[in-house]
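Pasted below: structure.pdb, PDB, C-alpha atoms.
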```
ATOM      1  CA  MET S   1     119.641 105.282 113.779
ATOM      2  CA  SER S   2     122.825 103.316 114.164
ATOM      3  CA  LEU S   3     123.996 104.981 110.982
ATOM      4  CA  LEU S   4     123.651 108.315 112.701
ATOM      5  CA  LYS S   5     125.368 107.197 115.840
ATOM      6  CA  ASN S   6     128.397 105.977 113.969
ATOM      7  CA  ALA S   7     128.665 109.039 111.823
ATOM      8  CA  TRP S   8     128.484 111.812 114.295
ATOM      9  CA  GLU S   9     128.813 112.840 117.899
ATOM     10  CA  ALA S  10     125.471 114.137 119.038
ATOM     11  CA  PRO S  11     125.170 117.446 120.928
ATOM     12  CA  VAL S  12     124.215 115.958 124.280
ATOM     13  CA  ARG S  13     124.908 117.422 127.699
ATOM     14  CA  ALA S  14     126.385 115.379 130.489
ATOM     15  CA  ASP S  15     125.747 117.810 133.329
ATOM     16  CA  LEU S  16     122.143 116.797 133.998
ATOM     17  CA  PRO S  17     121.286 114.977 137.215
ATOM     18  CA  GLU S  18     119.418 111.710 137.184
ATOM     19  CA  PHE S  19     115.711 112.410 137.344
ATOM     20  CA  GLY S  20     112.442 110.838 136.394
ATOM     21  CA  PRO S  21     108.677 111.006 136.680
ATOM     22  CA  GLY S  22     107.414 112.049 140.096
ATOM     23  CA  ASP S  23     110.424 114.190 140.906
ATOM     24  CA  ASN S  24     110.009 117.831 141.858
ATOM     25  CA  VAL S  25     112.466 119.853 139.824
ATOM     26  CA  ASP S  26     113.544 123.447 139.279
ATOM     27  CA  VAL S  27     114.293 124.135 135.646
ATOM     28  CA  HIS S  28     116.476 127.198 135.243
ATOM     29  CA  VAL S  29     115.518 128.579 131.854
ATOM     30  CA  ARG S  30     117.584 131.218 130.072
ATOM     31  CA  ILE S  31     115.377 133.963 128.680
ATOM     32  CA  ILE S  32     116.673 136.558 126.257
ATOM     33  CA  GLU S  33     114.784 139.842 126.272
ATOM     34  CA  GLY S  34     116.222 142.222 123.693
ATOM     35  CA  ASN S  35     119.919 142.059 124.540
ATOM     36  CA  LYS S  36     119.470 141.158 128.172
ATOM     37  CA  GLU S  37     119.610 137.623 129.440
ATOM     38  CA  ARG S  38     118.008 136.458 132.642
ATOM     39  CA  VAL S  39     117.148 133.153 134.231
ATOM     40  CA  GLN S  40     113.620 132.114 135.092
ATOM     41  CA  ILE S  41     112.900 129.149 137.274
ATOM     42  CA  PHE S  42     110.098 126.800 136.349
ATOM     43  CA  SER S  43     109.463 124.410 139.176
ATOM     44  CA  GLY S  44     107.046 121.547 139.188
ATOM     45  CA  VAL S  45     106.643 117.806 138.924
ATOM     46  CA  VAL S  46     108.144 115.808 136.084
ATOM     47  CA  ILE S  47     105.115 113.975 134.735
ATOM     48  CA  ALA S  48     106.694 112.342 131.708
ATOM     49  CA  ARG S  49     109.958 111.648 130.003
ATOM     50  CA  SER S  50     110.120 110.661 126.403
ATOM     51  CA  GLY S  51     112.890 109.587 124.081
ATOM     52  CA  GLY S  52     115.150 108.297 126.818
ATOM     53  CA  ASP S  53     118.576 109.923 127.006
ATOM     54  CA  SER S  54     118.742 110.297 123.238
ATOM     55  CA  VAL S  55     119.254 113.527 121.321
ATOM     56  CA  ASN S  56     115.516 113.769 120.820
ATOM     57  CA  GLY S  57     114.663 113.273 124.483
ATOM     58  CA  THR S  58     112.147 115.534 126.217
ATOM     59  CA  TYR S  59     110.588 115.856 129.637
ATOM     60  CA  THR S  60     107.319 117.425 130.735
ATOM     61  CA  VAL S  61     107.142 119.506 133.893
ATOM     62  CA  ARG S  62     103.770 120.356 135.399
ATOM     63  CA  LYS S  63     103.061 122.936 138.033
ATOM     64  CA  ALA S  64      99.784 124.092 139.525
ATOM     65  CA  GLU S  65      99.631 127.829 139.836
ATOM     66  CA  LYS S  66      96.631 129.796 141.129
ATOM     67  CA  GLY S  67      94.264 127.021 140.276
ATOM     68  CA  TYR S  68      95.621 126.552 136.777
ATOM     69  CA  GLY S  69      97.802 123.693 135.708
ATOM     70  CA  VAL S  70     100.787 124.755 133.607
ATOM     71  CA  GLU S  71     102.857 122.249 131.684
ATOM     72  CA  ARG S  72     106.062 122.842 129.798
ATOM     73  CA  ILE S  73     107.895 120.391 127.603
ATOM     74  CA  PHE S  74     111.664 120.801 127.612
ATOM     75  CA  GLN S  75     114.225 119.369 125.271
ATOM     76  CA  LEU S  76     116.463 117.195 127.411
ATOM     77  CA  HIS S  77     119.692 118.559 125.937
ATOM     78  CA  SER S  78     118.512 122.101 125.315
ATOM     79  CA  PRO S  79     121.164 124.760 125.955
ATOM     80  CA  LYS S  80     118.325 127.053 126.984
ATOM     81  CA  VAL S  81     118.155 125.183 130.269
ATOM     82  CA  GLU S  82     120.957 126.550 132.407
ATOM     83  CA  LYS S  83     120.593 123.896 135.030
ATOM     84  CA  LEU S  84     118.174 121.377 136.393
ATOM     85  CA  VAL S  85     117.851 120.918 140.147
ATOM     86  CA  VAL S  86     116.033 117.956 141.664
ATOM     87  CA  ARG S  87     114.236 119.225 144.786
ATOM     88  CA  ARG S  88     112.494 116.050 145.873
ATOM     89  CA  ARG S  89     112.329 112.531 144.575
ATOM     90  CA  GLY S  90     108.859 111.098 144.250
ATOM     91  CA  HIS S  91     107.727 107.531 144.684
ATOM     92  CA  VAL S  92     105.512 106.705 141.734
ATOM     93  CA  ARG S  93     104.453 103.437 140.141
ATOM     94  CA  ARG S  94     104.092 104.497 136.541
ATOM     95  CA  ALA S  95     106.183 106.257 133.925
ATOM     96  CA  LYS S  96     103.619 108.819 132.777
ATOM     97  CA  LEU S  97     101.752 110.734 135.465
ATOM     98  CA  TYR S  98      99.005 112.113 133.251
ATOM     99  CA  TYR S  99      96.474 111.280 135.950
ATOM    100  CA  LEU S 100      97.727 114.359 137.820
ATOM    101  CA  ARG S 101      95.936 116.511 135.257
ATOM    102  CA  GLU S 102      92.592 115.503 136.707
ATOM    103  CA  ARG S 103      93.660 116.089 140.267
ATOM    104  CA  SER S 104      94.490 119.107 142.347
ATOM    105  CA  GLY S 105      95.408 119.958 145.909
ATOM    106  CA  LYS S 106      95.691 117.070 148.299
ATOM    107  CA  ALA S 107      94.767 114.494 145.664
ATOM    108  CA  ALA S 108      97.754 115.479 143.558
ATOM    109  CA  ARG S 109     100.319 114.693 146.235
ATOM    110  CA  ILE S 110     103.158 112.318 145.531
ATOM    111  CA  ARG S 111     104.831 110.227 148.209
ATOM    112  CA  GLU S 112     108.513 110.950 148.720
ATOM    113  CA  LYS S 113     110.882 108.221 147.713
ATOM    114  CA  ALA S 114     112.643 106.627 150.662
ATOM    115  CA  SER S 115     116.312 107.453 150.269
ATOM    116  CA  ARG S 116     118.602 104.502 150.082
TER
ATOM    117  CA  MET P   1     126.384 126.798  91.416
ATOM    118  CA  SER P   2     127.651 123.413  92.434
ATOM    119  CA  ALA P   3     126.377 119.997  93.309
ATOM    120  CA  ILE P   4     127.294 116.785  95.066
ATOM    121  CA  LEU P   5     125.982 113.270  95.547
ATOM    122  CA  GLY P   6     125.234 111.863  98.967
ATOM    123  CA  ARG P   7     123.603 109.152 101.015
ATOM    124  CA  LYS P   8     120.705 109.956 103.299
ATOM    125  CA  LEU P   9     121.540 108.744 106.799
ATOM    126  CA  GLY P  10     118.400 109.783 108.643
ATOM    127  CA  MET P  11     116.962 112.587 110.683
ATOM    128  CA  THR P  12     117.904 113.988 114.061
ATOM    129  CA  GLN P  13     117.926 117.373 115.734
ATOM    130  CA  VAL P  14     120.487 120.021 116.665
ATOM    131  CA  PHE P  15     120.339 123.296 118.569
ATOM    132  CA  ASP P  16     121.072 126.654 116.948
ATOM    133  CA  ASP P  17     122.830 129.695 118.480
ATOM    134  CA  GLN P  18     119.670 130.779 120.272
ATOM    135  CA  GLY P  19     119.187 127.300 121.665
ATOM    136  CA  ASN P  20     116.251 126.546 119.392
ATOM    137  CA  CYS P  21     115.771 122.984 118.339
ATOM    138  CA  VAL P  22     116.247 122.468 114.585
ATOM    139  CA  PRO P  23     115.140 119.266 112.817
ATOM    140  CA  VAL P  24     117.831 118.144 110.398
ATOM    141  CA  THR P  25     118.482 115.416 107.880
ATOM    142  CA  MET P  26     121.967 114.040 107.949
ATOM    143  CA  ILE P  27     123.509 113.356 104.560
ATOM    144  CA  GLU P  28     126.829 111.690 103.947
ATOM    145  CA  ALA P  29     127.904 113.831 100.997
ATOM    146  CA  GLY P  30     130.899 112.796  98.978
ATOM    147  CA  PRO P  31     133.686 112.341  98.443
ATOM    148  CA  CYS P  32     132.727 112.221  94.778
ATOM    149  CA  PHE P  33     135.103 111.949  91.848
ATOM    150  CA  VAL P  34     134.823 113.316  88.338
ATOM    151  CA  SER P  35     134.645 110.208  86.178
ATOM    152  CA  GLN P  36     133.865 111.820  82.817
ATOM    153  CA  LYS P  37     133.446 115.208  81.197
ATOM    154  CA  LYS P  38     130.974 115.785  78.430
ATOM    155  CA  SER P  39     131.380 118.681  76.047
ATOM    156  CA  VAL P  40     129.350 120.355  73.331
ATOM    157  CA  ASP P  41     131.886 119.195  70.732
ATOM    158  CA  SER P  42     131.770 115.504  71.499
ATOM    159  CA  ASP P  43     128.393 114.982  73.177
ATOM    160  CA  GLY P  44     126.273 117.977  72.254
ATOM    161  CA  TYR P  45     126.117 119.328  75.797
ATOM    162  CA  ASP P  46     128.346 120.281  78.703
ATOM    163  CA  ALA P  47     128.217 118.152  81.830
ATOM    164  CA  VAL P  48     130.323 116.578  84.519
ATOM    165  CA  GLN P  49     129.828 112.996  85.615
ATOM    166  CA  LEU P  50     130.276 112.423  89.337
ATOM    167  CA  ALA P  51     130.924 109.020  90.882
ATOM    168  CA  PHE P  52     129.926 108.269  94.459
ATOM    169  CA  GLY P  53     129.555 105.353  96.831
ATOM    170  CA  GLU P  54     131.803 102.628  98.141
ATOM    171  CA  MET P  55     132.011  99.559  95.951
ATOM    172  CA  ARG P  56     134.293  96.534  95.835
ATOM    173  CA  ALA P  57     136.454  96.737  92.718
ATOM    174  CA  ASN P  58     135.589  93.171  91.686
ATOM    175  CA  LYS P  59     131.883  94.013  91.719
ATOM    176  CA  ALA P  60     132.281  96.349  88.754
ATOM    177  CA  ASN P  61     131.591  94.692  85.431
ATOM    178  CA  ARG P  62     134.053  94.900  82.514
ATOM    179  CA  PRO P  63     132.582  97.956  80.764
ATOM    180  CA  MET P  64     132.271  99.897  83.995
ATOM    181  CA  SER P  65     135.709  99.044  85.305
ATOM    182  CA  GLY P  66     137.088 100.168  81.949
ATOM    183  CA  HIS P  67     135.177 103.418  82.288
ATOM    184  CA  PHE P  68     136.571 104.045  85.757
ATOM    185  CA  LYS P  69     140.079 102.987  84.751
ATOM    186  CA  LYS P  70     140.071 105.527  81.958
ATOM    187  CA  ALA P  71     139.214 108.246  84.446
ATOM    188  CA  GLY P  72     141.694 107.015  87.028
ATOM    189  CA  VAL P  73     138.928 106.665  89.592
ATOM    190  CA  LYS P  74     138.196 103.677  91.829
ATOM    191  CA  PRO P  75     134.916 101.959  90.889
ATOM    192  CA  LYS P  76     131.941 103.631  92.545
ATOM    193  CA  ARG P  77     128.348 102.599  92.898
ATOM    194  CA  HIS P  78     126.546 105.635  91.526
ATOM    195  CA  LEU P  79     127.102 107.918  88.541
ATOM    196  CA  ARG P  80     125.194 111.134  87.940
ATOM    197  CA  GLU P  81     125.686 114.031  85.537
ATOM    198  CA  PHE P  82     125.577 117.682  86.544
ATOM    199  CA  ASP P  83     125.887 120.892  84.585
ATOM    200  CA  ALA P  84     126.775 123.145  87.506
ATOM    201  CA  PRO P  85     129.319 125.775  86.308
ATOM    202  CA  GLU P  86     131.567 125.328  89.328
ATOM    203  CA  LEU P  87     131.905 121.630  88.549
ATOM    204  CA  LEU P  88     132.474 122.129  84.815
ATOM    205  CA  GLU P  89     135.861 123.668  85.570
ATOM    206  CA  LEU P  90     137.097 120.483  87.226
ATOM    207  CA  GLU P  91     139.309 117.936  85.492
ATOM    208  CA  VAL P  92     138.631 114.227  85.196
ATOM    209  CA  GLY P  93     139.687 112.466  88.402
ATOM    210  CA  ALA P  94     139.174 115.545  90.577
ATOM    211  CA  GLU P  95     137.659 115.078  94.025
ATOM    212  CA  VAL P  96     134.452 116.826  95.039
ATOM    213  CA  THR P  97     133.797 117.117  98.760
ATOM    214  CA  CYS P  98     131.115 118.578 100.955
ATOM    215  CA  GLU P  99     133.336 121.622 101.519
ATOM    216  CA  LEU P 100     131.663 123.092  98.453
ATOM    217  CA  PHE P 101     128.815 123.847 100.827
ATOM    218  CA  THR P 102     128.789 126.068 103.884
ATOM    219  CA  ALA P 103     126.292 126.561 106.667
ATOM    220  CA  GLY P 104     123.544 128.924 105.578
ATOM    221  CA  ASP P 105     123.501 127.858 101.932
ATOM    222  CA  VAL P 106     120.113 127.319 100.376
ATOM    223  CA  VAL P 107     120.049 124.019  98.502
ATOM    224  CA  ALA P 108     117.728 121.795  96.523
ATOM    225  CA  VAL P 109     117.814 118.090  97.315
ATOM    226  CA  SER P 110     116.603 115.409  94.893
ATOM    227  CA  GLY P 111     116.048 111.762  95.565
ATOM    228  CA  ASN P 112     113.813 108.832  94.842
ATOM    229  CA  SER P 113     110.821 108.908  97.158
ATOM    230  CA  LYS P 114     109.795 105.852  99.140
ATOM    231  CA  GLY P 115     107.691 103.471  97.064
ATOM    232  CA  ARG P 116     104.203 103.043  98.511
ATOM    233  CA  GLY P 117     102.930 100.471  96.043
ATOM    234  CA  TYR P 118      99.333 100.496  94.833
ATOM    235  CA  SER P 119      97.749 103.203  96.962
ATOM    236  CA  GLY P 120      94.219 104.500  97.251
ATOM    237  CA  VAL P 121      93.212 108.063  96.490
ATOM    238  CA  MET P 122      93.290 109.166 100.118
ATOM    239  CA  LYS P 123      96.985 108.414 100.475
ATOM    240  CA  LYS P 124      97.958 109.244  96.912
ATOM    241  CA  HIS P 125      95.981 112.428  96.238
ATOM    242  CA  ASN P 126      94.963 113.524  99.740
ATOM    243  CA  PHE P 127      91.253 112.968  99.057
ATOM    244  CA  HIS P 128      89.052 113.206 102.104
ATOM    245  CA  GLY P 129      87.096 110.009 101.628
ATOM    246  CA  PHE P 130      83.652 109.678 103.143
ATOM    247  CA  LYS P 131      82.111 109.448 106.584
ATOM    248  CA  MET P 132      82.656 106.262 108.499
ATOM    249  CA  SER P 133      78.944 106.062 109.304
ATOM    250  CA  HIS P 134      75.682 107.898 108.483
ATOM    251  CA  GLY P 135      74.752 105.452 105.762
ATOM    252  CA  VAL P 136      78.044 105.346 103.882
ATOM    253  CA  HIS P 137      78.389 101.822 102.618
ATOM    254  CA  GLU P 138      81.760 100.228 101.806
ATOM    255  CA  SER P 139      83.186 103.351 100.137
ATOM    256  CA  TYR P 140      84.480 105.388 103.037
ATOM    257  CA  ARG P 141      87.938 105.600 101.442
ATOM    258  CA  GLY P 142      86.641 105.897  97.892
ATOM    259  CA  ARG P 143      87.003 108.672  95.350
ATOM    260  CA  GLY P 144      83.362 109.370  94.451
ATOM    261  CA  SER P 145      82.241 109.980  90.924
ATOM    262  CA  VAL P 146      84.665 109.837  87.999
ATOM    263  CA  GLY P 147      82.475 111.888  85.653
ATOM    264  CA  ALA P 148      79.072 112.487  84.087
ATOM    265  CA  ALA P 149      77.008 109.968  82.121
ATOM    266  CA  SER P 150      76.183 109.785  78.370
ATOM    267  CA  ASP P 151      77.666 113.215  77.782
ATOM    268  CA  PRO P 152      80.726 112.940  77.598
ATOM    269  CA  SER P 153      80.450 109.109  77.752
ATOM    270  CA  ARG P 154      84.048 108.830  78.879
ATOM    271  CA  THR P 155      86.298 109.571  81.815
ATOM    272  CA  TYR P 156      88.519 112.588  81.440
ATOM    273  CA  ARG P 157      92.199 111.955  81.013
ATOM    274  CA  GLY P 158      94.402 112.700  84.001
ATOM    275  CA  LEU P 159      91.648 112.097  86.539
ATOM    276  CA  LYS P 160      93.081 111.366  89.949
ATOM    277  CA  MET P 161      92.613 107.693  90.725
ATOM    278  CA  ALA P 162      94.229 104.990  92.805
ATOM    279  CA  GLY P 163      97.476 103.485  91.522
ATOM    280  CA  ARG P 164     101.189 103.187  92.035
ATOM    281  CA  TYR P 165     102.489 105.877  94.358
ATOM    282  CA  GLY P 166     106.013 106.841  95.331
ATOM    283  CA  ASN P 167     109.357 105.714  93.941
ATOM    284  CA  ASP P 168     109.441 108.898  91.870
ATOM    285  CA  ARG P 169     112.163 111.469  91.603
ATOM    286  CA  VAL P 170     111.267 114.236  94.032
ATOM    287  CA  THR P 171     113.062 117.541  94.526
ATOM    288  CA  VAL P 172     112.733 119.645  97.654
ATOM    289  CA  LYS P 173     113.879 123.215  97.123
ATOM    290  CA  ASN P 174     114.966 125.965  99.502
ATOM    291  CA  LEU P 175     116.399 123.751 102.211
ATOM    292  CA  GLN P 176     118.911 125.398 104.465
ATOM    293  CA  VAL P 177     122.296 123.900 105.211
ATOM    294  CA  VAL P 178     122.643 123.944 108.992
ATOM    295  CA  GLN P 179     126.079 122.471 109.439
ATOM    296  CA  VAL P 180     128.897 120.987 107.360
ATOM    297  CA  LEU P 181     131.328 118.533 108.933
ATOM    298  CA  PRO P 182     134.152 118.053 106.392
ATOM    299  CA  GLU P 183     136.046 115.391 108.389
ATOM    300  CA  GLN P 184     133.058 113.060 108.390
ATOM    301  CA  ASN P 185     131.785 114.173 104.945
ATOM    302  CA  LEU P 186     128.511 115.184 106.528
ATOM    303  CA  ILE P 187     126.011 117.828 105.556
ATOM    304  CA  LEU P 188     123.119 118.636 107.895
ATOM    305  CA  VAL P 189     120.118 120.049 106.055
ATOM    306  CA  LYS P 190     117.155 121.596 107.812
ATOM    307  CA  GLY P 191     113.960 119.625 107.263
ATOM    308  CA  ALA P 192     113.105 116.437 105.467
ATOM    309  CA  VAL P 193     114.635 115.044 102.287
ATOM    310  CA  PRO P 194     113.056 112.615  99.810
ATOM    311  CA  GLY P 195     113.766 108.910  99.979
ATOM    312  CA  ALA P 196     114.504 106.198 102.454
ATOM    313  CA  ARG P 197     117.574 105.943 104.654
ATOM    314  CA  ASN P 198     120.637 104.874 102.695
ATOM    315  CA  GLY P 199     119.061 106.343  99.559
ATOM    316  CA  LEU P 200     121.044 108.303  97.000
ATOM    317  CA  VAL P 201     120.398 112.054  97.024
ATOM    318  CA  GLU P 202     121.655 114.917  94.880
ATOM    319  CA  ILE P 203     122.379 118.211  96.598
ATOM    320  CA  ARG P 204     122.522 121.310  94.385
ATOM    321  CA  LYS P 205     122.926 124.963  95.171
TER
END
```

Give the structure from this file in structure tokens form.
Amino acid sequence: MSLLKNAWEAPVRADLPEFGPGDNVDVHVRIIEGNKERVQIFSGVVIARSGGDSVNGTYTVRKAEKGYGVERIFQLHSPKVEKLVVRRRGHVRRAKLYYLRERSGKAARIREKASR
Amino acid sequence: MSAILGRKLGMTQVFDDQGNCVPVTMIEAGPCFVSQKKSVDSDGYDAVQLAFGEMRANKANRPMSGHFKKAGVKPKRHLREFDAPELLELEVGAEVTCELFTAGDVVAVSGNSKGRGYSGVMKKHNFHGFKMSHGVHESYRGRGSVGAASDPSRTYRGLKMAGRYGNDRVTVKNLQVVQVLPEQNLILVKGAVPGARNGLVEIRK
């Protein structure tokens, strides 16, 4: 990969806030319908990040809606994401929160991170 | 019709106009130099020899350095012949860069695939093998029968068996050029390309 790094400036975006697993986020997704563009907000918990800050990085956001869990995987540097807002920082002790998939309601709560 | 030589750098991803993620292979293509021209009169066929790849001048042996000197080209690591019409018009010593290609071009890329050594039939020919249990004994990655018994009393030629796999010339056709970066001599091609990183590839359109 170092070959790639030296050769070329990757299309990364610098406007993203710092965020990680356990955080509640609003992902503002650009949606193009015909020739109209609108923004849809997908809000939920970040349950995983993969690929670090690299070009290939992704993050998984999970929300529980009407009794169904919905997960979306976003490309970290995707231009389709207009902005990413961190609503609440969660205190978690692991990097991948896949255990949330088996939980709902009160059991799926995450403690808020004490602000420094 | 034109062609160029390049070095496979590796794969990454870019986003297109719609924001879709596109997997690309990055190829350092050129600059190449025309080191020899072959013609019907002298060689029996028309072709252009392209030279590519950094090389220390003192690493070239006597015959090769003479060859390059005659063409007025610095010694290069790789030589390949092409018969692309666009290249045939070039003179000896001319430079060939990745600007021959533009985004949207459909290209074929050839290279030497990764050598996999002596491989079994599952890897080499995509056989399914056998069950891991239910009485299968010691042959769960095997090929099964190789033919009938006393008639024909032999194994048919060309039967798929285990053996050396990879390190062959492989061509992938209909790859799309996603982006060309002339300053860095880079071509970004959608999808995968044969060979290991740092391997020599030929790009033709």

Please evaluate the PyMOL selection byres ((chain P) within 7 of (chain S)) against the structure above and give the resulting residues as a PyMOL selection string.
-> chain P and resi 9-10+13-14+19+184

Interatomic distance, atom CA of Gly72 of chain P to atom CA of Asn185 of chain P (Å, one decimal) =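 Pair atom CA of Gly72 of chain P / atom CA of Asn185 of chain P returns 21.7 Å.
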
Can you turn the PyMOL selection byres ((chain P and resi 196) around 8) into a concrete residue list for this file, as a PyMOL selection string?
-> chain P and resi 8+113-114+194-195+197-199

Write a file of the just-selected residues containing C-alpha atoms, as a PDB file, in the coordinates of the input.
```pdb
ATOM      1  CA  LYS P   8     120.705 109.956 103.299  1.00  0.00           C
ATOM      2  CA  SER P 113     110.821 108.908  97.158  1.00  0.00           C
ATOM      3  CA  LYS P 114     109.795 105.852  99.140  1.00  0.00           C
ATOM      4  CA  PRO P 194     113.056 112.615  99.810  1.00  0.00           C
ATOM      5  CA  GLY P 195     113.766 108.910  99.979  1.00  0.00           C
ATOM      6  CA  ARG P 197     117.574 105.943 104.654  1.00  0.00           C
ATOM      7  CA  ASN P 198     120.637 104.874 102.695  1.00  0.00           C
ATOM      8  CA  GLY P 199     119.061 106.343  99.559  1.00  0.00           C
TER       9      GLY P 199
END
```

Close residues, Gly191 of chain P itself excluded, 9 Å, all atoms listed in the file, min 3 positions apart in chain, as a ChimeraX atom specification = /P:11,22-25,175-176

Kindly export the residues of the current selection with C-alpha atoms, as a short mmCIF file (atom, residue, chain, number, x, y, z; two decimals), in the frame of the given file.
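selection-v6.cif was written with the following content:
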```cif
data_model
loop_
_atom_site.label_atom_id
_atom_site.label_comp_id
_atom_site.auth_asym_id
_atom_site.auth_seq_id
_atom_site.Cartn_x
_atom_site.Cartn_y
_atom_site.Cartn_z
CA MET P 11 116.96 112.59 110.68
CA VAL P 22 116.25 122.47 114.58
CA PRO P 23 115.14 119.27 112.82
CA VAL P 24 117.83 118.14 110.40
CA THR P 25 118.48 115.42 107.88
CA LEU P 175 116.40 123.75 102.21
CA GLN P 176 118.91 125.40 104.46
#
```

Extract, using all atoms listed in the file, all DNA, RNA and protein residues at most 9 Å from Lys124 of chain P, discarding same-chain residues fewer than 5 positions from it, and format them as a ChimeraX atom specification.
-> /P:116,119,160-166

Can you list what the PyMOL selection byres ((chain P and resi 67) around 12) grabs from this structure, as a list in words?
-> Val34, Ser35, Gln36, Lys37, Gln49, Ala51, Ala60, Asn61, Arg62, Pro63, Met64, Ser65, Gly66, Phe68, Lys69, Lys70, Ala71, Gly72, Val73, Lys74, Pro75, Lys76, Leu79, Val92 and Gly93 of chain P

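Taking atom CA of Ile203 of chain P and atom CA of Val172 of chain P as endpoints, the distance between them is 9.8 Å.
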
Contact residues around Lys113 of chain S with all atoms listed in the file at 6 Å, ignoring same-chain residues under 4 positions, as a compact mmCIF listing (two decimals) with C-alpha atoms, keeping the file's coordinate frame:
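Just written: out_14.txt:
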```txt
# COMPACT_ATOMS: atom_id res chain seq x y z
CA ARG S 89 112.33 112.53 144.57
CA GLY S 90 108.86 111.10 144.25
CA HIS S 91 107.73 107.53 144.68
```

So which residues touch Gly22 of chain S within 6 Å, counting all atoms listed in the file, skipping near sequence neighbours fewer than 5 positions away, as a list in words?
-> Val45, Val46, Gly90 and Val92 of chain S

Got time to write the residues from that selection, C-alpha atoms, as a compact mmCIF listing (two decimals), in the frame of the given file?
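Wrote it out as selection00.txt, contents follow:
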```
# COMPACT_ATOMS: atom_id res chain seq x y z
CA VAL S 45 106.64 117.81 138.92
CA VAL S 46 108.14 115.81 136.08
CA GLY S 90 108.86 111.10 144.25
CA VAL S 92 105.51 106.70 141.73
```

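Comparing P:Leu200, P:Leu181, P:Val146, P:Cys21 by their smallest distance to Arg169 of chain P, the closest is P:Leu200 (using all atoms listed in the file).
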
Between atom CA of Asp15 of chain S and atom CA of Gly51 of chain S, what is the distance, to one decimal in Å?
->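 According to the coordinates, atom CA of Asp15 of chain S and atom CA of Gly51 of chain S are separated by 17.8 Å.
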
How big is the axis-aligned box, and where does its centre sit, when it encloses all atoms of segment 61-65 of chain S listed in the file and has 3 Å added on every side, reported in Å to one decimal as AutoDock Vina command-line options?
```
--center_x 103.4 --center_y 123.7 --center_z 136.9 --size_x 13.5 --size_y 14.3 --size_z 11.9
```

With distances taken over all atoms listed in the file, which of S:Ile41, S:Val85, S:Val29, S:Glu102 is nearest to Tyr68 of chain S?
->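 Nearest to Tyr68 of chain S: S:Glu102.
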
May I have the residues within 8 Å of Arg72 of chain S as a tab-separated table (two decimals) with C-alpha atoms, keeping the file's coordinate frame, using only C-alpha atoms and disregarding those fewer than 3 positions away in the same chain?
```tsv
chain	number	residue	atom	x	y	z
S	60	THR	CA	107.32	117.42	130.74
S	61	VAL	CA	107.14	119.51	133.89
S	62	ARG	CA	103.77	120.36	135.40
```

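Nearest-residue note for Tyr99 of chain S: choosing from S:Glu37, S:Ala14, S:Tyr59, S:Ile47, the minimum distance belongs to S:Ile47, counting all atoms listed in the file.
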
Between S:Arg49, S:Arg13, S:Lys36, S:Lys66, single out the one closest to Arg94 of chain S, counting all atoms listed in the file.
->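 Closest candidate: S:Arg49.
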
Go ahead and find all residues with at least one atom no further than 10 Å from (127.0, 117.2, 93.3) in the file's coordinates, using all atoms listed in the file; report them as a PyMOL selection string.
-> chain P and resi 1-6+29-33+48-52+80-84+87+96-98+100+201-205
